[in-house]
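First the structure, in the form of structure tokens, and then the observations on it.
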Amino acid sequence: MQNKPEAAALAQAIPEAKNVKFLAEGGFKAVYEAEICGIKEALKAIFIPEEADQPEARVEIGKRVTREIESLQTLTSPYVVKLGSLSPRACQISGHEYIVYSEEFLDGPTLRDRLRSGYQPSFAECQALLRCLFQLVAELKASDLIHRDIKPGNIVEVGSDERPFVVLDLGVAFKLYSTPITLNPEMRQGTLPYMAPEMFQPHFREMLDYRSDLYSAAVTVYEYAAGTHPIARRGEDDFTTMYRIARMKPAPLAQHRSDLPASFCQIVDQMIRKKPALRPSNIGALLKQLEVVA
Amino acid sequence: MKLYAQHGHATRDKISKGIQDGFIDGAILSSRYLKPDSTKDFIDELRALNPDIDILVDPEFYATRYLGTPNSQLRYLEEWPHFVPRQRNELLVGTNAIDTTLKAAYKTQMRLGCTALITPNIYVSRSFDSIEAAIAISFFSRAKSIAAEMGIAIPVYATIAVGRDTLIDQQEYVTFLNAITSVEPAPDGVYVLVGAGPTDERSGTVRSEIMVPEVIAGWMLLNYSLAVNGLRVVNGFSDILSPILGIAGGHAGATGWWSNLQVFSMGRYVKGGRGGQLPLVRYLSTRLLNRITVNERQAFAEVVPDVMNALDTDALYERKEPDRTKEALQAWDAIASLNKDILTDDINEGLERMRERIVVAKVCYDKLKSYGFTEGYEANMEYLATLEESLIAFKELAEI
């Protein structure tokens, strides 16, 4: 992240935040652990570039933060992160502008952490993950939202019965039937290995729908279960990855996890088809199917 | 996979015999060949033979394009309340005309006691990148909503009537598929018609314009994609392609006794200006995956007995040339038997079984050639190669 604020400087700018500790960073944002009114929360600082440096990015980031917060306020699913007690606030830290707000602190590893440790999830965990993601995508769909960045790094394994997995970061969410935030229509938001093939079509925004999220969800479940990404290969350049996403057929999940029920693997495999029309679109039916998987 | 009779001219007792003898699971009745007033009696008669059969009525709205043209042959279609010409703009702008047409068709079909409703739609002749396709999607997307508004509880099958060329332009075709599979509320199923050029009454399915790998694979993809999305696909005029479409997930196929009931063509609504003899009675050989004349059947069977199906309906051809009813029964029996032998729950297994059947057919034709039966050999081998290529092309399209 450009101009990442020091934890101490952030604590100074947000007096109600105590014990601020840096956690992670992305393109324009950094996340910290902090105590706010005695409760541990995740404090997010989003860098706003100078007007003169990047006028378009400045506007875009502002709109993205607004959309993310509005979306999180709308969504009631337990499988998405909740807003914290600190409302968005513009502030200056070390001469730079930021928007700072808080989300609930989720105590648990991300699926990316799990993958790095070589963890192999049980069938029950894989089933629970897919169920959570299907239910979340159903709610996003009802709100005309496409998350666009479902991936292991954005999913925390909380482990409770009510919330086994929670999805983070609606920072690049796409709102159907509204003016796009990204001014360049050919700019693809998201994380390349988890992007659905239709994202690489010209005028992709005109045809994007929730099935792109179902694709990313299935790629995530596949990777989590198999310990390897179904399509992308480590160390390859972006163009090769794009080619793979568009053309290469992944190995069936059962080849990596023969212990998982065949019908479960088939659901995951079917959801990562290249053509959206080949991915089952009825989430209600998918959930029922998932429940009867032996 | 279910097999239906595709109703048409000179029905007489063909469908009732087919139901009575258990060769078909139902019928798709043509509103062109039935008066609205007499259709209910006909349906009641059929249902009395077997109350469990499926009865559908094709509203054939796509033929309204021929209303008022000098050489059209629409027969009773103009007597049906839904068969009202609509201007393209009327169907394109807003949904009033579409809703009115759907309601009229549903109302009539409900009164007739159909087991499922077939929606009206227009024919998309050349490309899915067209105004026709936009209108067709509108009909499709309104199908279930209007049924729900009318409190209709029986299944609704939205019609997709397309020319074979539409299936060849893959990019536009896939865009169309992506659009219809995201429609909500989705219809319960789809009634698919894939049209070729004007059908010659004397040419069979295997010599039609449908027999192109891209077209067959595209038709299979439609079945597969819709089935994956939980929709039942009823294939009209699918004839000998029924088992192949069944492998891809098709719910039903249909065929009738004339060539123009075995391949769909918009040409059937236009006077062809040809007369002449009736087509020869033929026998559908499950081994050859093809129809042969009665004389060929006799001659072939003497040297290659395998060309016989070994089904009960073989007896209908034993003494003399059978009539059209017997010919229809034999064809239904043969297709039902192919369905039984080839279709499984596993799509890969089904494709493999079909491939094996094609190999067997080629071997049979080679044997016949070695005995001097060379007429049509090249064309038949080409047809079988087309089927084989279709399976390969489908696997590619369906990402299997």
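Here, A, B, ... name the chains of the structure tokens in the order displayed, residue numbers run from 1 inside each chain, and ligands are numbered from 1 in the same displayed order.
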
- Write out as a count of residues only the residues lying within 12 Å of segment 75-80 of chain A, counting only C-alpha atoms and excluding same-chain residues fewer than 5 positions away. 43

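Every residue of segment 214-246 of chain A found in alpha helix (DSSP H) when DSSP is run on the backbone appears here: A:Leu214, A:Tyr215, A:Ser216, A:Ala217, A:Ala218, A:Val219, A:Thr220, A:Val221, A:Tyr222, A:Glu223, A:Tyr224, A:Ala225, A:Ala226, A:Asp238, A:Phe239, A:Thr240, A:Thr241, A:Met242, A:Tyr243, A:Arg244, A:Ile245, A:Ala246.
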
Just C-alpha atoms for this one: save the residues we selected as a short mmCIF file (atom, residue, chain, number, x, y, z; two decimals), in the first residue's frame.
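File written: again.cif
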data_model
loop_
_atom_site.label_atom_id
_atom_site.label_comp_id
_atom_site.auth_asym_id
_atom_site.auth_seq_id
_atom_site.Cartn_x
_atom_site.Cartn_y
_atom_site.Cartn_z
CA LEU A 214 -20.62 -18.63 -8.01
CA TYR A 215 -17.60 -19.39 -10.18
CA SER A 216 -15.17 -17.66 -7.81
CA ALA A 217 -16.82 -19.38 -4.86
CA ALA A 218 -16.37 -22.79 -6.48
CA VAL A 219 -12.75 -22.06 -7.42
CA THR A 220 -12.14 -21.11 -3.79
CA VAL A 221 -13.78 -24.28 -2.47
CA TYR A 222 -11.86 -26.38 -4.98
CA GLU A 223 -8.54 -24.82 -3.95
CA TYR A 224 -9.33 -25.11 -0.27
CA ALA A 225 -10.31 -28.77 -0.61
CA ALA A 226 -7.58 -29.81 -3.04
CA ASP A 238 -0.86 -12.93 -15.94
CA PHE A 239 -1.35 -13.63 -19.63
CA THR A 240 -0.78 -17.34 -19.13
CA THR A 241 -3.21 -17.33 -16.22
CA MET A 242 -5.79 -15.49 -18.34
CA TYR A 243 -5.34 -18.05 -21.10
CA ARG A 244 -5.80 -20.87 -18.62
CA ILE A 245 -8.95 -19.28 -17.22
CA ALA A 246 -10.40 -18.87 -20.68
#

- For chain B against chain A, which residues fall within 10 Å using only C-alpha atoms, given as a PyMOL selection string? chain B and resi 174-184+186+221-222+224-230+397-400

Using C-alpha atoms, can you write the selected residues to a file as a PDB file, in the first residue's frame?
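Resulting contents of part22.pdb:
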ATOM      1  CA  VAL B 174     -23.570 -18.690 -26.003  1.00  0.00           C
ATOM      2  CA  THR B 175     -24.622 -15.122 -25.162  1.00  0.00           C
ATOM      3  CA  PHE B 176     -28.234 -16.170 -25.809  1.00  0.00           C
ATOM      4  CA  LEU B 177     -27.798 -19.250 -23.606  1.00  0.00           C
ATOM      5  CA  ASN B 178     -26.304 -17.134 -20.845  1.00  0.00           C
ATOM      6  CA  ALA B 179     -29.303 -14.834 -21.065  1.00  0.00           C
ATOM      7  CA  ILE B 180     -32.054 -17.467 -20.974  1.00  0.00           C
ATOM      8  CA  THR B 181     -30.444 -19.450 -18.185  1.00  0.00           C
ATOM      9  CA  SER B 182     -30.534 -16.414 -15.927  1.00  0.00           C
ATOM     10  CA  VAL B 183     -34.245 -15.693 -16.455  1.00  0.00           C
ATOM     11  CA  GLU B 184     -36.305 -15.518 -13.270  1.00  0.00           C
ATOM     12  CA  ALA B 186     -37.628 -19.602 -15.085  1.00  0.00           C
ATOM     13  CA  LEU B 221     -25.607 -27.958 -25.826  1.00  0.00           C
ATOM     14  CA  LEU B 222     -29.028 -26.348 -25.516  1.00  0.00           C
ATOM     15  CA  TYR B 224     -27.327 -29.794 -21.624  1.00  0.00           C
ATOM     16  CA  SER B 225     -27.256 -26.193 -20.496  1.00  0.00           C
ATOM     17  CA  LEU B 226     -30.974 -26.051 -19.775  1.00  0.00           C
ATOM     18  CA  ALA B 227     -30.930 -29.419 -17.995  1.00  0.00           C
ATOM     19  CA  VAL B 228     -27.992 -28.275 -15.840  1.00  0.00           C
ATOM     20  CA  ASN B 229     -30.146 -25.308 -14.909  1.00  0.00           C
ATOM     21  CA  GLY B 230     -33.036 -27.552 -13.893  1.00  0.00           C
ATOM     22  CA  LEU B 397     -18.823 -27.023 -26.183  1.00  0.00           C
ATOM     23  CA  ALA B 398     -20.147 -28.502 -22.960  1.00  0.00           C
ATOM     24  CA  GLU B 399     -16.653 -28.550 -21.418  1.00  0.00           C
ATOM     25  CA  ILE B 400     -16.982 -32.228 -20.603  1.00  0.00           C
TER      26      ILE B 400
END

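Secondary structure by DSSP on the backbone puts the following residues of segment 64-128 of chain B in strand (DSSP E or B): B:Ser72, B:Leu117, B:Ile118, B:Tyr123, B:Val124.
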
Output for the residues just chosen: C-alpha atoms as a compact mmCIF listing (two decimals), in the first residue's frame:
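Written file, result_21.txt:
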# COMPACT_ATOMS: atom_id res chain seq x y z
CA SER B 72 -49.22 -19.90 -47.01
CA LEU B 117 -48.42 -25.57 -21.57
CA ILE B 118 -46.32 -24.65 -24.57
CA TYR B 123 -38.87 -18.02 -34.97
CA VAL B 124 -35.28 -16.82 -34.79

- Could you give me, as an MDAnalysis selection string, the residues within 8 Å of Ala254 of chain A, counting only C-alpha atoms and dropping anything in the same chain fewer than 6 positions from it? chainID A and resid 260 262 265

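Candidate residues B:Thr293, B:Thr95, B:Gln262, B:Asn89 were compared for distance to Phe237 of chain B, and the nearest is B:Gln262, using only C-alpha atoms.
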
- Neighbours of Val100 of chain A within 8 Å (only C-alpha atoms; same-chain residues fewer than 5 positions away dropped), as a PyMOL selection string? chain A and resi 43-46+87-91

File of the preceding selection, C-alpha atoms, as a PDB file, in the first residue's frame:
ATOM      1  CA  LEU A  43      -9.705  -0.704  11.736  1.00  0.00           C
ATOM      2  CA  LYS A  44      -9.471   0.031   8.003  1.00  0.00           C
ATOM      3  CA  ALA A  45      -7.507   2.983   6.648  1.00  0.00           C
ATOM      4  CA  ILE A  46      -8.041   3.764   2.973  1.00  0.00           C
ATOM      5  CA  SER A  87     -18.294   5.247  11.235  1.00  0.00           C
ATOM      6  CA  PRO A  88     -16.301   6.357   8.195  1.00  0.00           C
ATOM      7  CA  ARG A  89     -14.217   9.374   8.950  1.00  0.00           C
ATOM      8  CA  ALA A  90     -11.921  11.463   6.766  1.00  0.00           C
ATOM      9  CA  CYS A  91      -8.638  12.260   8.457  1.00  0.00           C
TER      10      CYS A  91
END

- Name all residues at most 7 Å from Arg64 of chain A (count only C-alpha atoms; drop same-chain ones fewer than 4 positions away) and give them as an MDAnalysis selection string. chainID A and resid 60 68 171:172

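Residues lying within 9 Å of Phe139 of chain B, counting only C-alpha atoms and ignoring same-chain neighbours fewer than 3 positions away, are Leu91, Thr95, Ile98, Asp99, Leu102, Thr119, Pro120, Asn121, Ile122, Ala134, Ile135, Ala136, Arg142, Ala143, Ala158 and Thr159 of chain B.
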
Selected residues, N, CA and C atoms, written as a compact mmCIF listing (two decimals), in the first residue's frame, please.
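The result, written out as part-v3.txt:
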# COMPACT_ATOMS: atom_id res chain seq x y z
N LEU B 91 -44.02 -6.25 -30.46
CA LEU B 91 -43.43 -7.30 -29.62
C LEU B 91 -42.12 -6.85 -29.00
N THR B 95 -44.21 -5.12 -23.06
CA THR B 95 -44.56 -6.55 -23.03
C THR B 95 -46.06 -6.79 -23.20
N ILE B 98 -46.91 -9.29 -25.96
CA ILE B 98 -46.40 -10.61 -25.57
C ILE B 98 -47.30 -11.21 -24.49
N ASP B 99 -47.61 -10.41 -23.50
CA ASP B 99 -48.46 -10.90 -22.40
C ASP B 99 -49.84 -11.33 -22.91
N LEU B 102 -49.49 -14.62 -24.77
CA LEU B 102 -49.26 -15.73 -23.82
C LEU B 102 -50.57 -16.10 -23.12
N THR B 119 -45.58 -22.36 -24.70
CA THR B 119 -45.80 -20.93 -24.93
C THR B 119 -45.65 -20.59 -26.41
N PRO B 120 -46.32 -19.56 -26.84
CA PRO B 120 -46.07 -19.06 -28.20
C PRO B 120 -44.68 -18.41 -28.22
N ASN B 121 -44.09 -18.38 -29.38
CA ASN B 121 -42.86 -17.59 -29.57
C ASN B 121 -42.65 -17.38 -31.06
N ILE B 122 -41.74 -16.49 -31.37
CA ILE B 122 -41.44 -16.27 -32.78
C ILE B 122 -40.25 -17.14 -33.16
N ALA B 134 -34.20 -10.90 -29.53
CA ALA B 134 -34.63 -10.07 -28.40
C ALA B 134 -36.09 -10.35 -28.08
N ILE B 135 -36.91 -10.48 -29.10
CA ILE B 135 -38.34 -10.76 -28.89
C ILE B 135 -38.50 -12.18 -28.30
N ALA B 136 -37.73 -13.11 -28.85
CA ALA B 136 -37.83 -14.49 -28.37
C ALA B 136 -37.47 -14.57 -26.88
N ARG B 142 -41.20 -13.93 -20.02
CA ARG B 142 -42.54 -13.64 -19.50
C ARG B 142 -43.34 -14.93 -19.25
N ALA B 143 -42.84 -16.05 -19.79
CA ALA B 143 -43.62 -17.30 -19.79
C ALA B 143 -44.14 -17.69 -18.41
N ALA B 158 -41.44 -23.05 -22.27
CA ALA B 158 -41.24 -21.90 -23.17
C ALA B 158 -40.67 -22.40 -24.50
N THR B 159 -41.23 -21.91 -25.57
CA THR B 159 -40.75 -22.33 -26.88
C THR B 159 -39.46 -21.60 -27.27

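Going from atom CA of Tyr76 of chain B to atom CA of Ile19 of chain B covers 24.7 Å.
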
Nearby residues (only C-alpha atoms) at most 8 Å from His96 of chain A, same-chain spacing under 5 positions excluded, as an mmCIF file with C-alpha atoms, in the first residue's frame:
data_model
loop_
_atom_site.group_PDB
_atom_site.id
_atom_site.type_symbol
_atom_site.label_atom_id
_atom_site.label_comp_id
_atom_site.auth_asym_id
_atom_site.auth_seq_id
_atom_site.Cartn_x
_atom_site.Cartn_y
_atom_site.Cartn_z
ATOM 1 C CA ASN A 3 1.720 5.697 2.259
ATOM 2 C CA PHE A 47 -5.529 6.029 1.325
ATOM 3 C CA ILE A 48 -6.987 8.824 -0.794
ATOM 4 C CA PRO A 49 -4.479 10.090 -3.385
ATOM 5 C CA GLU A 50 -3.805 13.786 -3.844
#

- Item | Length of the atom CA of Ala385 of chain B to atom CA of Asn260 of chain B vector [Å] | 23.8 Å
